[in-house]
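Everything on this sheet refers to the single structure shown next.
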Amino acid sequence: MDAIKVLAFALILFPVSSSAQDLDTFFPRPFGIAVNQVGYMDGSSLGDDGGPWRAGIRRDMDVRDYRPIADVGDAVGVRFMSLFALAEMDRLNVVATLPHATRDGLNYDNSPRISNKQLEIMNFVKSNAATIEMGVTGVGHEWWVDGVRTRSEWYDLDNNRPRDPEMLRRHMEVIKNILWQYGLAEDNGHRFPRSFSALGYHWNPAGPHSNGKLFGEYGVRFVSTKFYIIPELNPPASRDAGYDHNVLVMDREGYGNEWYEYASLPSTEIDTFGVDLIESHWANWLATDDHLQPALNQQWIDYMKMVQAHPQRYLAKNTDQLLSQWLYKKYAKVALTGAGSATIDNRAMPAKAYDTDMVGNLVLAIPLKEGERLEMAKLGEQSIASYLEEAGYAFLYLPPLERENYFVTWSVGTGSRHPGVFNTGTYSVYRSKQNGTSTSYDIQMHGTQTMRFVVPEGYEAAGATSGLTITNQWYDSGTSELHVSVAGHDIQGQIGTITIDKK
Amino acid sequence: MNSIRQLFPIAIVLIGAASIQAQPILFQRPFQVAIDDLGWNRGSSLGDEGGPWRAGVKRIFDVKDYQAVVDIGKGAGTRMQGLFILSEMDRLGIVGQYPHMTYQQAKWDNSENISRLQLDIMTFVKNNADYLEFGYHGVGHEYWDSTGRRTRAEYYNTDENSPRPEALMRQNLDVFENIMDQYGMGRKDGHSFPESFVPPAYGYYWNPTGSYSTGSIMSERGLKYVNTNFDYIRELNPPPMASGGFDNGVLVVDRQNEGNPWFEYDSFPTIPISEYRTDIIETHFPNLLAQDDFLQADVTKKWVDLYAEIQRSADQYVAKNSEQFNSQWLYKRHATVTETKPGEVRIDNRNMPDEAYTHDLLGTMVLAVKLDAGKHVSTATLDGKPIPAYYEDAGYGFLYLPRLEKKQYVLAYTVGNATMPFHVYLSGTYNVYATDIQRNAATIDLKIYGTQDVEIKTRAVKSVTSNNPKLTIESQSYDAAKGTLTLSVRGHDIQGERGIITLRY
C-alpha cells in the first residue's frame, strides 16, 4: 500500500468534519431533463377519438421543431435525452405488420406523412447527436385491440397485466427497422438507442419476461418510468431506481409543465425535485411559432444555467454521466478532508453497475471565487483528465472508479491552469494516460464537437482511434488551448481514444 | 278601428299585472369583438423573412378553427365579425398578376395551399353566415414595392406616412372580389361585398374631404363599417381615440387592443371589462383558438363567459351583428335618451348626421330594462306603435327599436308578468326593422344572415310568405301553448338578405 492509499484510508476512518451542505455542494446531484414523445409528424391529439395523444399541439412538425433541443443543448453543454415515438416516421409501412401498435392496426397507412420532411428531421437528429440523444418511447405509445385503446404500449396499465412478450419483441424489431430506414442501424455503425421511456413498465427483475429483459437484449441500458402507476409489480420506491435484468429503471416525475403545454418550463422549485432526471415533453420546448422560438430557447438556457449555479445540483452532460453520478450518489461515500482534499469510498458500488458498463465519470464541484481557476486536480497521483469552470464552480470529471478507496486533491487560485480537457461540450472524457510528450484520452464522443485541450503551444492532435475523426484543429493562444474538432460516428456515442502530442 | 294599435290600451288593462318599471331604462353601449387575420391557410409568420406575419402560429388552418369561432358566436348570441385575408385562398393564381400584393410578387405560387381544405373552409363560412360575418381585411396584409421591399400595410403606408396609389388599391379590391368569386361568394352568385373592414396594421388612408381615401374606394363596393386604431395614422388627423367619423361614405370607428397580442393562442383582454377604451375591441384569430382541438371547448367557454359578463353589465350589451353595433354606436353619440317619468322615455335623434342616412349606415336602436325574476316588458310602443322586436337575456329586457329618423320620439313601456302581445323575439343574430299587424295579416321587415329561426309571438297563422325570393321560409311550426310561431328563414346573401315576411291569419 503506497503512502497516498494509507493517507486515504486514514482519512476515511477519521474524516475532517464538514457540513452536509458543503458536501452536497462538493458532491452534487446530477440534473437531467428528458424530452418525451418527439417523433410524431402530426402533433394534434387524437386522444378523444381513441387514438394517440401525440404532442397535444395542432402543428405539422418539421425540422425546425428539433432545433430548440439542439440550440439549448449547444448553449449549455447538455445532450438532451429525446424519446421518439416512431410510428409516423415509418416510410415503409412496417408498422402495419403490428396489429396493436396503432389504432388502425394492420390497416395502418403512413403514406400521407412520407415526405422529405422526415428525412430532414432524421438527418438533423443524426447530425446533432452532440445535443440530441436519440432515445425511444415506442412505436405508437399505446396499445390497440381492434381499434380499442388501452394504456400503454409496453404494459397494460388499464388491466394491470403484461403484454404478450413475443408481440413486444415485434415492436422492438419494427423500431429497429424504422431506424434502419434512416441509416441509423448497426449496419451503419450506430448502436440501438441506449435510453428508453415507458409510461407503463413491466417490472419483473426475477422473472423470465420483463420490459427490461427485452429492452436489454437490444442494447437499451436505461429506462425512465413512473413507479407509482405499477404498484402491483412492487417496483423500487418512489424516486428511486433499480435494475431489471440489465437495465437500470428509474422513477421520473414532472414538475408543473403539462405534456401539451407550449413554452412551458418546470414551475416548482428545483429544491423540491425528488428525482434527478425530470420529465418534459416536446411541446414544452416549442413556441407557438418560429418567430417566438429564440425567446423561449433563452428561457430554457437561463433555466439550465440556474441549475448549473445551484449549490447542490449540476448539469449532467449526457445520460451516461447522469446515470453514473446517480450510482455514485447512491453507493459512494465522499468526505471532505481538508481545504483541497477529499476521500471517496466506492467499495459499495454493486457489481451490476460494472457488468452493465454504467460506471463512468464521478463529478465533484469546487466553488471558485471571482478570478480563481483550477490550478491542479488529482485522483491519487493521476492528474484528472477533464474539468469545466462554470457558474462559479470548477467541475472535476473523475475517471470511472473501481470498487476502491480514493483520495482527491486539488488547488484553486490565480496561477496557471490545470492541464487537461476543458469540457464545454457534451462528450465524456474518462481518463488520460501520459507517455512522454504524448497524452492519450479515452473519450465517448457524441456527434461532432470541439474539444479544448489546455496545453502549451506546439501540441497537436496526433491521432484518433477508429470511429473518431479529427476534422479540424487550431491553437487559441488567447486561452492557451488546442481546439480539436472531433466527429464521432455512432450517434449513440463513439468510444475511442484521441492522442495529443508535440508537433 | 281594425288596427291592433287601437286595441293596445285594452290589452294593457287585460294584462292586468303590468306596471311601471321601477328601474330606469338603459341606453347601453354596444359591444363587439373584431377578429383579424382569418383566411390564412398557414399560420406561421414569415415576418422575419420579409413576408407577411400571417397569424403568428405554426398551424395549418382547417374548418375546425372556424367552427370554434362560430361556436363562440352561438354561445354568446352574436354574429362574430371575422376579417379575412384572402391571398392564400387564391385557387387560380390571380394574385401573381399583382406583384405589390404578396412577398412572392410575380412568382406567386399558391399551389401548396390548393386543397379540399380551402373549399371546406369557405363552404363552412358561407353556411354559417348567421354566426360568422365574412368581413374584409385584405389580400396580402402588407405591400411590396417593385424591389420586393415590404412596407406596412396593404392600404396605407404607415412606415412612410403616405397613401398607396389609388389604382393599385382598386386592384386589391378587385382581387379580393375575384377570390370571393372562386368560392361562389361574389356578386354573380348573389352575395354583396362585405360590409365590414379592418385595415391591416391599422393602415387606413383617412381623407374625408378628399376624393380618394380608403373609405371612398370601399364605399363604392358597398362596404359600410370600418374599425381601426387611429393612433397609427395621427398625421392624417383622424378623430380622437375612442371616437369615430365618416369618411367618404363609410363609418370609421376607433378600436383598441386590451392586452391580447396578435399571435397568442387562448388569449383574452387583460384589463377589466369596465376599462375597455372602445366599444369594439381587437382580437386576432389565434386568440380564440386553443393550441389543439382537445382544448378548444375550454377556450370557447371562456370567450362565451366573457360575452356573458358583458351582457350582465349595466353599461354594455352584446350587439347581435356589425350593423346593429354601428347603429348603436351612432345613436350613443348623436341621440339622447331621457326617461321623463317612469315608463315614458323621450328619444331625441335630431342631431343624427345626414351621412348616416345617405349611406344607409343606420339601423336599429337598442334600449334595455333591468327585470326582476319572472318579469317581462309587457308593453312597449314608440310613438304609439308597438316596437318590432324584443329579447331577454342576463336579467335584462332588450327593446329593439326601428331605425330612427332625425326627429323626437316617445317610447312608452310597462313591465309585468306577461310578455308583449305581438313581437319578434330576437333570439338570433338578424335585424328586425319594423312590424305591422292588422286584423288579417302582419308583416315583418327584417334582414337575415344565413339561416335562422325567427320566433314571433303571435296567434296561429294560415300562411307565411316572403316578398324576396332569396329570403325563403324553410319551415314553420306553431306552439299554441306559448303562442309562438317559429319560422326557419334562410337568407341567400351571406352579407344579409332583407325582405318582408307576411303572416296571414
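Ordering of the C-alpha cells sets the chain letters (A, B, ...), residue numbers begin anew at 1 in every chain, and ligands are numbered from 1 in the order given.
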Write down, as an mmCIF file with C-alpha atoms, in the first residue's frame, each residue of chain B that has any atom within 6 Å of an atom of chain A, counting only C-alpha atoms.
data_model
loop_
_atom_site.group_PDB
_atom_site.id
_atom_site.type_symbol
_atom_site.label_atom_id
_atom_site.label_comp_id
_atom_site.auth_asym_id
_atom_site.auth_seq_id
_atom_site.Cartn_x
_atom_site.Cartn_y
_atom_site.Cartn_z
ATOM 1 C CA SER B 44 -46.693 30.582 -39.324
ATOM 2 C CA GLY B 56 -48.177 34.025 -35.961
ATOM 3 C CA VAL B 57 -48.946 30.426 -35.049
ATOM 4 C CA LYS B 58 -47.437 27.352 -36.619
ATOM 5 C CA ARG B 59 -50.579 25.632 -37.755
ATOM 6 C CA GLN B 291 -53.367 25.138 -29.360
ATOM 7 C CA ASP B 292 -55.050 21.818 -30.066
#
Task: Who sits within 8 Å of stretch 169-177 of chain B, only C-alpha atoms, same chain under 2 positions skipped, as a PyMOL selection string - done: chain B and resi 86-87+94-95+98+101+138-139+155+164-167+179-181+186+193+217
Residue selection dump (C-alpha atoms) as an mmCIF file, in the first residue's frame:
data_model
loop_
_atom_site.group_PDB
_atom_site.id
_atom_site.type_symbol
_atom_site.label_atom_id
_atom_site.label_comp_id
_atom_site.auth_asym_id
_atom_site.auth_seq_id
_atom_site.Cartn_x
_atom_site.Cartn_y
_atom_site.Cartn_z
ATOM 1 C CA LEU B 86 -57.670 36.010 -48.942
ATOM 2 C CA SER B 87 -54.371 35.647 -50.826
ATOM 3 C CA ILE B 94 -54.712 35.526 -59.827
ATOM 4 C CA VAL B 95 -52.673 37.202 -57.080
ATOM 5 C CA TYR B 98 -50.287 41.970 -58.948
ATOM 6 C CA MET B 101 -49.844 42.181 -53.045
ATOM 7 C CA GLY B 138 -57.168 42.389 -47.329
ATOM 8 C CA VAL B 139 -55.354 40.309 -49.888
ATOM 9 C CA TYR B 155 -53.927 50.116 -47.815
ATOM 10 C CA ARG B 164 -50.925 53.941 -51.655
ATOM 11 C CA PRO B 165 -51.687 54.573 -55.330
ATOM 12 C CA GLU B 166 -55.451 54.581 -55.773
ATOM 13 C CA ALA B 167 -55.367 52.449 -58.925
ATOM 14 C CA ILE B 179 -61.186 35.216 -54.904
ATOM 15 C CA MET B 180 -64.683 35.546 -53.441
ATOM 16 C CA ASP B 181 -65.966 34.510 -56.855
ATOM 17 C CA GLY B 186 -69.316 37.078 -55.079
ATOM 18 C CA PHE B 193 -69.352 42.854 -50.937
ATOM 19 C CA ILE B 217 -62.913 53.082 -52.741
#
Task: Pairwise distance for atom CA of B:Ser146 and atom CA of B:Gln105, rounded to one decimal in Å - done: 8.5 Å
TODO: Please provide the set of residues having any atom within 12 Å of A:Glu457, restricted to only C-alpha atoms, with same-chain residues fewer than 4 positions apart removed, written as a PyMOL selection string.
DONE: chain A and resi 453+461+474-483+500-503
- [ ] Write out as an NGL selection string the residues lying within 6 Å of stretch 428-444 of chain A, counting only C-alpha atoms and excluding same-chain residues fewer than 6 positions away.
- [x] :A and (385 or 399 or 493-501)
Output C-alpha atoms for every residue in that selection, as a PDB file, in the first residue's frame.
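selection-v3.pdb, freshly written:
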ATOM      1  CA  ALA A 385      -8.237  14.479 -17.288  1.00  0.00           C
ATOM      2  CA  PRO A 399     -12.452   8.738 -14.244  1.00  0.00           C
ATOM      3  CA  GLY A 493     -21.753   7.719 -28.672  1.00  0.00           C
ATOM      4  CA  GLN A 494     -18.439   6.788 -30.227  1.00  0.00           C
ATOM      5  CA  ILE A 495     -15.988   5.383 -27.759  1.00  0.00           C
ATOM      6  CA  GLY A 496     -12.297   5.722 -28.573  1.00  0.00           C
ATOM      7  CA  THR A 497      -9.027   7.419 -27.858  1.00  0.00           C
ATOM      8  CA  ILE A 498      -7.568  10.666 -29.071  1.00  0.00           C
ATOM      9  CA  THR A 499      -3.895  11.421 -28.705  1.00  0.00           C
ATOM     10  CA  ILE A 500      -2.254  14.811 -28.207  1.00  0.00           C
ATOM     11  CA  ASP A 501       1.436  15.092 -28.818  1.00  0.00           C
TER      12      ASP A 501
END
TODO: Would you please extract all strand (DSSP E or B) residues from stretch 371-409 of chain B, as assigned by DSSP on the backbone, and give them as a list of chain:residue names?
DONE: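 So the strand (DSSP E or B) residues in stretch 371-409 of chain B would be B:His376, B:Val377, B:Ser378, B:Thr379, B:Ala380, B:Thr381, B:Leu382, B:Lys385, B:Pro386, B:Ala389, B:Tyr390, B:Tyr391, B:Glu392, B:Asp393, B:Tyr396, B:Gly397, B:Phe398, B:Leu399, B:Tyr400, B:Leu401, B:Gln408, B:Tyr409.
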